[in-house]
>>> print(open('data25.cif').read())   # mmCIF, C-alpha atoms and all ligand atoms
data_entry
loop_
_atom_site.label_atom_id
_atom_site.label_comp_id
_atom_site.auth_asym_id
_atom_site.auth_seq_id
_atom_site.Cartn_x
_atom_site.Cartn_y
_atom_site.Cartn_z
CA MET A 239 0.00 0.00 0.00
CA ILE A 240 2.71 2.52 1.00
CA LYS A 241 6.39 2.04 0.31
CA ILE A 242 8.87 4.79 1.13
CA ASN A 243 12.54 3.87 0.82
CA ASN A 244 15.31 6.31 1.78
CA LEU A 245 13.28 9.35 0.74
CA SER A 246 15.03 12.73 0.82
CA PHE A 247 13.62 16.08 -0.21
CA ALA A 248 14.94 19.65 -0.11
CA TYR A 249 13.36 23.03 -0.84
CA ASP A 250 15.95 25.47 -2.21
CA ARG A 251 18.79 23.17 -1.08
CA LYS A 252 17.45 23.14 2.49
CA ASN A 253 16.90 19.56 3.64
CA ILE A 254 13.28 19.11 4.70
CA LEU A 255 13.15 15.29 4.74
CA LYS A 256 16.09 12.90 4.86
CA ASP A 257 16.28 9.12 4.78
CA VAL A 258 12.58 8.57 5.45
CA ASN A 259 11.50 4.91 5.43
CA LEU A 260 8.02 3.49 5.91
CA THR A 261 6.37 0.38 4.50
CA GLU A 262 2.82 -0.79 5.04
CA THR A 263 1.35 -3.62 3.01
CA GLU A 264 -2.00 -3.90 4.82
CA PRO A 265 -4.66 -1.25 5.39
CA VAL A 266 -3.95 0.85 8.47
CA ILE A 267 -4.94 4.20 9.96
CA ILE A 268 -1.81 6.24 10.67
CA GLY A 269 -1.53 9.47 12.64
CA LEU A 270 1.23 11.77 11.39
CA TRP A 271 2.53 14.10 14.08
CA GLY A 272 5.32 16.64 14.04
CA ARG A 273 5.97 20.16 15.19
CA ASN A 274 5.38 23.21 12.98
CA GLY A 275 7.54 23.11 9.87
CA SER A 276 8.71 19.54 10.51
CA GLY A 277 7.73 18.38 7.01
CA LYS A 278 4.31 16.71 7.42
CA THR A 279 2.67 18.53 4.51
CA THR A 280 5.77 18.00 2.38
CA LEU A 281 5.59 14.24 2.98
CA MET A 282 1.85 14.22 2.20
CA LYS A 283 2.48 16.19 -1.01
CA ILE A 284 5.14 13.69 -2.10
CA LEU A 285 2.80 10.75 -1.38
CA SER A 286 0.07 12.40 -3.44
CA GLY A 287 2.41 13.24 -6.34
CA MET A 288 2.32 17.03 -5.86
CA GLU A 289 6.06 17.14 -5.17
CA GLN A 290 8.85 14.87 -6.32
CA GLN A 291 11.38 13.43 -3.91
CA ASP A 292 15.04 14.20 -4.70
CA LYS A 293 16.16 10.74 -3.68
CA GLY A 294 14.60 7.42 -2.81
CA LEU A 295 11.56 5.45 -3.87
CA VAL A 296 7.91 6.25 -3.18
CA GLU A 297 5.09 3.92 -4.17
CA VAL A 298 1.41 4.03 -3.35
CA ASP A 299 -0.46 0.87 -4.23
CA GLY A 300 2.49 -0.12 -6.44
CA VAL A 301 2.40 3.17 -8.35
CA GLU A 302 4.93 6.03 -8.23
CA PRO A 303 2.78 9.10 -7.62
CA TYR A 304 4.80 11.93 -9.15
CA ASN A 305 3.85 13.01 -12.65
CA ASN A 306 1.57 10.01 -12.98
CA SER A 307 -2.02 10.54 -14.08
CA HIS A 308 -2.95 7.07 -12.76
CA ALA A 309 -1.87 8.05 -9.27
CA MET A 310 -5.08 9.99 -8.62
CA HIS A 311 -6.93 6.66 -8.70
CA HIS A 312 -4.78 5.46 -5.82
CA VAL A 313 -4.47 8.48 -3.57
CA ALA A 314 -6.77 11.24 -2.36
CA PHE A 315 -5.12 14.16 -0.58
CA MET A 316 -7.60 16.29 1.34
CA GLN A 317 -5.71 19.42 2.31
CA GLU A 318 -6.45 21.73 5.18
CA ASP A 319 -8.23 24.71 3.57
CA HIS A 320 -8.89 22.53 0.56
CA PRO A 321 -9.16 24.82 -2.50
CA TYR A 322 -12.81 24.84 -3.60
CA SER A 323 -13.97 27.10 -6.39
CA ASP A 324 -15.74 30.25 -5.18
CA THR A 325 -18.79 29.31 -7.18
CA TRP A 326 -19.21 25.76 -5.86
CA ASP A 327 -21.92 24.44 -3.61
CA VAL A 328 -21.86 20.98 -1.97
CA ASN A 329 -23.28 19.25 -5.05
CA ASP A 330 -20.56 20.77 -7.28
CA ALA A 331 -17.86 19.55 -4.87
CA LEU A 332 -19.33 16.03 -4.82
CA GLU A 333 -19.47 16.00 -8.61
CA PHE A 334 -15.78 16.90 -8.67
CA GLY A 335 -15.08 14.06 -6.21
CA ARG A 336 -17.02 11.62 -8.37
CA ASP A 337 -15.08 12.66 -11.52
CA PHE A 338 -11.67 12.19 -9.92
CA ASN A 339 -12.09 9.02 -7.90
CA GLN A 340 -12.78 5.69 -9.51
CA ASN A 341 -13.89 4.12 -6.20
CA TRP A 342 -16.28 7.04 -5.51
CA ASP A 343 -19.18 6.05 -3.23
CA GLN A 344 -22.05 8.47 -3.91
CA ALA A 345 -24.34 6.87 -1.32
CA LEU A 346 -21.68 7.38 1.37
CA ALA A 347 -21.10 10.99 0.21
CA ASP A 348 -24.84 11.72 0.47
CA GLU A 349 -25.06 10.03 3.87
CA LEU A 350 -22.13 12.07 5.21
CA ILE A 351 -23.59 15.35 3.93
CA ASP A 352 -26.80 14.46 5.83
CA ILE A 353 -24.95 13.41 9.00
CA PHE A 354 -22.95 16.66 8.96
CA GLN A 355 -26.15 18.58 8.12
CA LEU A 356 -24.44 20.58 5.39
CA PRO A 357 -26.71 22.78 3.24
CA ARG A 358 -26.57 21.56 -0.36
CA LYS A 359 -27.28 24.86 -2.07
CA LYS A 360 -25.11 27.25 -0.09
CA LYS A 361 -21.77 28.28 -1.60
CA ILE A 362 -18.86 26.55 0.13
CA ARG A 363 -16.99 29.88 0.35
CA THR A 364 -19.65 31.05 2.83
CA PHE A 365 -19.26 27.95 5.07
CA SER A 366 -17.75 28.20 8.55
CA LYS A 367 -14.31 26.65 9.13
CA GLY A 368 -15.88 23.55 10.68
CA MET A 369 -18.35 23.15 7.79
CA LYS A 370 -15.49 23.39 5.27
CA THR A 371 -13.66 20.69 7.23
CA MET A 372 -16.79 18.50 7.10
CA ILE A 373 -17.22 18.71 3.33
CA THR A 374 -13.52 17.87 2.96
CA ILE A 375 -13.94 14.83 5.24
CA ALA A 376 -17.02 13.72 3.30
CA ILE A 377 -15.20 13.88 -0.06
CA GLY A 378 -12.09 12.17 1.34
CA LEU A 379 -14.07 9.26 2.81
CA ALA A 380 -16.37 8.89 -0.19
CA SER A 381 -13.30 8.76 -2.47
CA LYS A 382 -12.48 5.35 -0.96
CA ALA A 383 -8.99 5.82 -2.38
CA PRO A 384 -6.50 3.08 -1.40
CA LEU A 385 -4.49 5.85 0.31
CA THR A 386 -6.58 8.68 1.72
CA ILE A 387 -4.69 11.55 3.31
CA PHE A 388 -6.29 14.15 5.56
CA ASP A 389 -4.27 17.20 6.59
CA GLU A 390 -5.48 18.38 10.03
CA PRO A 391 -8.94 16.79 9.61
CA SER A 392 -10.30 17.75 13.02
CA ASN A 393 -9.46 21.42 12.53
CA GLY A 394 -12.46 23.61 13.36
CA LEU A 395 -14.66 20.74 14.57
CA ASP A 396 -16.36 21.07 17.94
CA ALA A 397 -16.44 18.09 20.33
CA HIS A 398 -19.76 16.82 18.95
CA MET A 399 -18.68 17.01 15.31
CA ARG A 400 -15.33 15.45 16.13
CA LYS A 401 -17.18 12.48 17.60
CA GLN A 402 -19.28 12.28 14.41
CA PHE A 403 -16.06 12.36 12.39
CA TYR A 404 -14.54 9.50 14.43
CA ASP A 405 -17.69 7.41 14.02
CA VAL A 406 -18.03 7.88 10.26
CA LEU A 407 -14.33 7.33 9.63
CA LEU A 408 -14.23 4.10 11.63
CA ASP A 409 -17.49 2.80 10.13
CA SER A 410 -16.25 3.53 6.62
CA TYR A 411 -12.85 1.92 7.36
CA ASP A 412 -14.53 -1.19 8.80
CA GLU A 413 -16.69 -1.52 5.75
CA HIS A 414 -13.90 -0.78 3.25
CA PRO A 415 -10.42 -1.08 4.81
CA ARG A 416 -7.80 1.15 3.18
CA THR A 417 -4.79 3.14 4.32
CA ILE A 418 -5.71 6.45 5.89
CA LEU A 419 -3.10 9.02 6.93
CA LEU A 420 -4.20 11.78 9.28
CA SER A 421 -1.89 14.64 10.21
CA SER A 422 -2.41 16.69 13.33
CA HIS A 423 -0.64 18.99 15.77
CA HIS A 424 -2.91 17.76 18.53
CA ILE A 425 -2.29 14.07 18.87
CA GLU A 426 -5.22 13.62 21.25
CA GLU A 427 -7.57 14.70 18.44
CA VAL A 428 -6.57 11.88 16.08
CA GLU A 429 -4.99 9.28 18.36
CA PRO A 430 -8.31 7.51 19.17
CA LEU A 431 -8.57 6.66 15.46
CA CYS A 432 -5.01 5.62 14.74
CA GLU A 433 -3.52 2.15 14.94
CA LYS A 434 -0.04 3.59 14.39
CA ILE A 435 1.65 6.93 14.95
CA ALA A 436 4.42 8.35 12.74
CA ILE A 437 6.51 11.16 14.20
CA ILE A 438 8.58 13.47 12.04
CA ASP A 439 11.45 15.14 13.85
CA ASN A 440 14.97 16.19 12.87
CA ASN A 441 13.96 15.97 9.19
CA THR A 442 13.11 12.31 9.33
CA LEU A 443 10.62 9.74 10.55
CA MET A 444 12.01 9.38 14.07
CA HIS A 445 9.34 7.06 15.45
CA TYR A 446 6.81 4.80 13.79
CA GLU A 447 5.01 2.63 16.29
CA GLU A 448 1.75 1.12 17.43
CA THR A 449 -0.30 3.86 19.10
CA ASP A 450 -0.81 1.76 22.22
CA VAL A 451 2.93 1.32 22.68
CA LEU A 452 3.87 4.95 22.08
CA LYS A 453 1.10 6.49 24.15
CA ASN A 454 2.04 4.33 27.11
CA ASN A 455 5.28 6.32 27.41
CA GLY A 456 5.89 9.47 29.42
CA VAL A 457 5.85 9.52 33.20
CA HIS A 458 5.85 12.50 35.60
CA LEU A 459 7.64 12.25 38.92
CA SER A 460 7.53 14.91 41.61
CA GLY A 461 8.95 15.08 45.09
CA SER A 462 12.09 16.08 46.93
CA LYS A 463 15.17 16.31 44.70
CA GLU A 464 16.96 13.43 46.39
CA ALA A 465 13.94 11.11 46.32
CA VAL A 466 13.12 11.86 42.66
CA ARG A 467 16.75 11.34 41.61
CA SER A 468 16.77 7.97 43.38
CA VAL A 469 13.77 6.83 41.32
CA ILE A 470 15.09 8.10 37.95
CA GLY A 471 18.09 5.76 37.90
CA THR A 472 19.27 5.42 34.29
CA ILE A 473 15.96 6.38 32.64
CA ARG A 474 16.17 9.24 30.14
CA VAL A 475 14.84 12.53 31.50
CA LEU A 476 12.89 14.53 28.91
CA GLU A 477 12.05 17.53 31.07
CA GLU A 478 13.20 18.77 34.44
CA ARG A 479 11.74 21.58 36.56
CA LYS A 480 13.08 22.68 39.94
CA LEU A 481 10.83 24.38 42.48
CA GLY A 482 12.93 25.15 45.58
CA ARG A 483 13.77 21.76 47.09
CA GLN A 484 11.17 20.07 44.89
CA LEU A 485 11.91 18.44 41.55
CA ASN A 486 9.45 17.61 38.75
CA VAL A 487 10.63 15.48 35.85
CA MET A 488 9.19 13.75 32.82
CA LEU A 489 10.74 10.39 32.00
CA ASP A 490 10.91 8.62 28.66
CA SER A 491 9.47 5.42 30.05
CA PRO A 492 6.20 3.53 30.30
CA LEU A 493 4.41 3.62 33.64
CA THR A 494 5.42 0.15 34.79
CA ASP A 495 4.48 -1.54 38.07
CA GLU A 496 8.16 -1.65 38.94
CA LEU A 497 8.54 2.13 38.48
CA LYS A 498 5.35 2.74 40.49
CA HIS A 499 6.69 0.57 43.28
CA ARG A 500 10.04 2.42 43.33
CA ALA A 501 8.24 5.78 43.43
CA GLU A 502 5.98 4.66 46.27
CA GLN A 503 8.96 3.39 48.27
CA ALA A 504 10.74 6.73 47.82
CA GLY A 505 7.63 8.82 48.62
CA VAL A 506 7.58 10.31 45.12
CA MET A 507 4.37 11.21 43.30
CA ILE A 508 4.10 9.37 39.98
CA GLU A 509 1.58 9.77 37.16
CA LYS A 510 1.21 9.19 33.43
CA ALA A 511 2.08 12.29 31.39
CA PRO A 512 -0.44 13.47 28.75
CA PHE A 513 0.47 12.02 25.34
CA GLN A 514 0.78 15.43 23.66
CA ASP A 515 3.18 16.69 26.38
CA TYR A 516 5.25 13.53 26.00
CA LEU A 517 5.59 14.04 22.22
CA VAL A 518 6.46 17.72 22.63
CA ASN A 519 9.24 16.83 25.07
CA LEU A 520 10.41 13.92 22.95
CA THR A 521 10.94 16.27 20.01
CA LYS A 522 12.45 19.14 22.01
CA LYS A 523 15.49 20.68 20.39
CA GLU A 524 18.84 21.04 22.16
CA ALA A 525 18.40 24.83 22.39
CA GLU A 526 15.05 24.44 24.19
CA LEU A 527 16.48 21.86 26.57
CA ASN A 528 19.38 24.18 27.46
CA ALA A 529 17.01 27.13 27.92
CA HIS A 530 15.13 25.25 30.66
CA ALA A 531 18.15 23.64 32.30
N1 LIG B 601 7.01 25.82 -1.38
C1 LIG B 601 7.99 25.89 -0.46
N2 LIG B 601 9.16 26.50 -0.75
C2 LIG B 601 10.16 26.57 0.16
N3 LIG B 601 10.08 26.05 1.42
C3 LIG B 601 8.93 25.46 1.77
C4 LIG B 601 7.83 25.34 0.85
N4 LIG B 601 6.82 24.68 1.49
C5 LIG B 601 7.26 24.41 2.73
N5 LIG B 601 8.53 24.86 2.90
C6 LIG B 601 9.36 24.69 4.10
O1 LIG B 601 9.49 23.31 4.35
C7 LIG B 601 9.47 23.05 5.75
C8 LIG B 601 8.42 22.00 6.04
O2 LIG B 601 7.15 22.55 5.75
P1 LIG B 601 5.82 21.69 5.87
O3 LIG B 601 4.71 22.57 5.43
O4 LIG B 601 6.01 20.40 5.19
O5 LIG B 601 5.77 21.43 7.44
P2 LIG B 601 4.55 20.98 8.37
O6 LIG B 601 5.08 19.95 9.29
O7 LIG B 601 3.38 20.59 7.52
O8 LIG B 601 4.26 22.33 9.14
P3 LIG B 601 2.93 22.87 9.89
O9 LIG B 601 2.63 21.89 10.97
O10 LIG B 601 3.38 24.19 10.41
O11 LIG B 601 1.84 22.95 8.86
C9 LIG B 601 9.24 24.38 6.43
O12 LIG B 601 10.51 24.89 6.84
C10 LIG B 601 8.68 25.26 5.33
O13 LIG B 601 9.04 26.60 5.52
#
>>> encode(input="data25.cif", output="structure tokens")
Amino acid sequence: MIKINNLSFAYDRKNILKDVNLTETEPVIIGLWGRNGSGKTTLMKILSGMEQQDKGLVEVDGVEPYNNSHAMHHVAFMQEDHPYSDTWDVNDALEFGRDFNQNWDQALADELIDIFQLPRKKKIRTFSKGMKTMITIAIGLASKAPLTIFDEPSNGLDAHMRKQFYDVLLDSYDEHPRTILLSSHHIEEVEPLCEKIAIIDNNTLMHYEETDVLKNNGVHLSGSKEAVRSVIGTIRVLEERKLGRQLNVMLDSPLTDELKHRAEQAGVMIEKAPFQDYLVNLTKKEAELNAHA
């Protein structure tokens, strides 16, 4: 389904992506996370054939996407602020989706427009941000493309609509499994959907793991300096904050029974760190680490 071998890409000789590798042969829902400017959109553009890698191999469904008119049958890239014509209403956008996607599911498109309660006759340019996101989700899901990419799909959705989005995406995936790539800055917003998480950092794919494994990591300890240090041992410290004689740290570790036991013995408070905070600390740059030291 997706094959990326040693991909490198530069804009104006500035390396954006280097030695990226990722292979998936079975359908999977992947969350793509990275900090601002890390290269998420660039990777999505390369996968959808909008940009060409400088080095390496990229295949989607056995097809190289760049400069390949067949590629649009294999990949749908639903961008944030997807460019709709000023004159289009919902029906025009669905017609466009139908023309460009050979697996197009009109019944699903109609169902999603009803679920999202989008007005058919109103111009899309007058839609709210959340409504624009919903029409983009509807077209992306109804495309049923073997690789469907959503850039920041929960952007602008309130809690209720986000729940609707989760439900329709998972139902549609169950019924027609395919590879779906969802990028987000807020991992909590897409993590409930994703079987795997890909993290771009330092110009490459630093981590690619099962969501359940990755989200289990990140532990906060707080207590007296001596007690906290005795619990840390050789575990990597991602963040450290001193408050008088108190010390708060985040560890790059799962919350194991053994660690809990050690913390209890030392009188140190221990708790799971929020996933988003863990990822932010995991991808902290040297300069930021030094600034807080
Ligand atoms: N057309 C372009 N020409 C030159 N540089 C670009 C171009 N598009 C993006 N870049 C640069 O490439 C880098 C990666 O950008 P990209 O948009 O892929 O990151 P991102 O992870 O999607 O960021 P964000 O989360 O902020 O949307 C950034 O430094 C950006 O300035």
>>> residues_around(input="data25.cif", residues="region 326-340 of chain A", least_positions_apart="5", cutoff="10 Å", atoms="all atoms listed in the file", output="VMD selection string")
chain A and resid 310 to 314 347 to 348 351 356 to 365 370 373 to 374 376 to 378 380 to 383
>>> residues_near_point(input="data25.cif", point="(11.8, 17.1, 34.4)", cutoff="9 Å", atoms="all atoms listed in the file", output="list in words")
His458, Leu459, Ser460, Val475, Leu476, Glu477, Glu478, Arg479, Lys480, Leu485, Asn486, Val487, Met488 and Leu489 of chain A
>>> residues_around(input="data25.cif", residues="Pro265 (chain A)", least_positions_apart="4", cutoff="6 Å", atoms="only C-alpha atoms", output="NGL selection string")
:A and (415-417)
>>> closest_residue(input="data25.cif", among="A:Val406, A:Ile268, A:Gly456, A:Asp490", to="Cys432 (chain A)", atoms="only C-alpha atoms")
A:Ile268
>>> residues_near_ligand(input="data25.cif", ligand="ligand LIG 601 (chain B)", cutoff="7 Å", atoms="all atoms listed in the file", output="PyMOL selection string")
chain A and resi 249-250+254+272-281+423
>>> residues_around(input="data25.cif", residues="region 508-510 of chain A", least_positions_apart="6", cutoff="12 Å", atoms="only C-alpha atoms", output="VMD selection string")
chain A and resid 453 to 461 465 to 466 469 to 470 486 to 502 516
>>> residues_near_point(input="data25.cif", point="(14.7, 11.2, 9.9)", cutoff="6 Å", atoms="only C-alpha atoms", output="list in words")
Lys256, Asp257, Val258, Asn440, Asn441, Thr442, Leu443 and Met444 of chain A
>>> residues_around(input="data25.cif", residues="Glu429 (chain A)", least_positions_apart="5", cutoff="12 Å", atoms="all atoms listed in the file", output="PyMOL selection string")
chain A and resi 267-271+392+404+419-424+434-436+448-450+452-453+513-514
>>> closest_residue(input="data25.cif", among="A:Thr261, A:Ser307, A:Thr386, A:Thr371", to="Leu295 (chain A)", atoms="all atoms listed in the file")
A:Thr261
>>> atom_distance(input="data25.cif", atom1="CA of Thr521 (chain A)", atom2="CA of His445 (chain A)")
10.4 Å
>>> closest_residue(input="data25.cif", among="A:Asp299, A:Val506, A:Gly482, A:Lys293", to="Ser468 (chain A)", atoms="only C-alpha atoms")
A:Val506
>>> residues_around(input="data25.cif", residues="His398 (chain A)", least_positions_apart="5", cutoff="12 Å", atoms="all atoms listed in the file", output="PDB file with C-alpha atoms, in the coordinates of the input")
ATOM      1  CA  ILE A 353     -24.950  13.410   9.000  1.00  0.00           C
ATOM      2  CA  PHE A 354     -22.950  16.660   8.960  1.00  0.00           C
ATOM      3  CA  GLY A 368     -15.880  23.550  10.680  1.00  0.00           C
ATOM      4  CA  SER A 392     -10.300  17.750  13.020  1.00  0.00           C
ATOM      5  CA  PHE A 403     -16.060  12.360  12.390  1.00  0.00           C
ATOM      6  CA  TYR A 404     -14.540   9.500  14.430  1.00  0.00           C
ATOM      7  CA  ASP A 405     -17.690   7.410  14.020  1.00  0.00           C
TER       8      ASP A 405
END
>>> atom_distance(input="data25.cif", atom1="CA of Gly300 (chain A)", atom2="CA of Ser246 (chain A)")
19.4 Å
>>> atom_distance(input="data25.cif", atom1="CA of Gly505 (chain A)", atom2="CA of Ile473 (chain A)")
18.2 Å
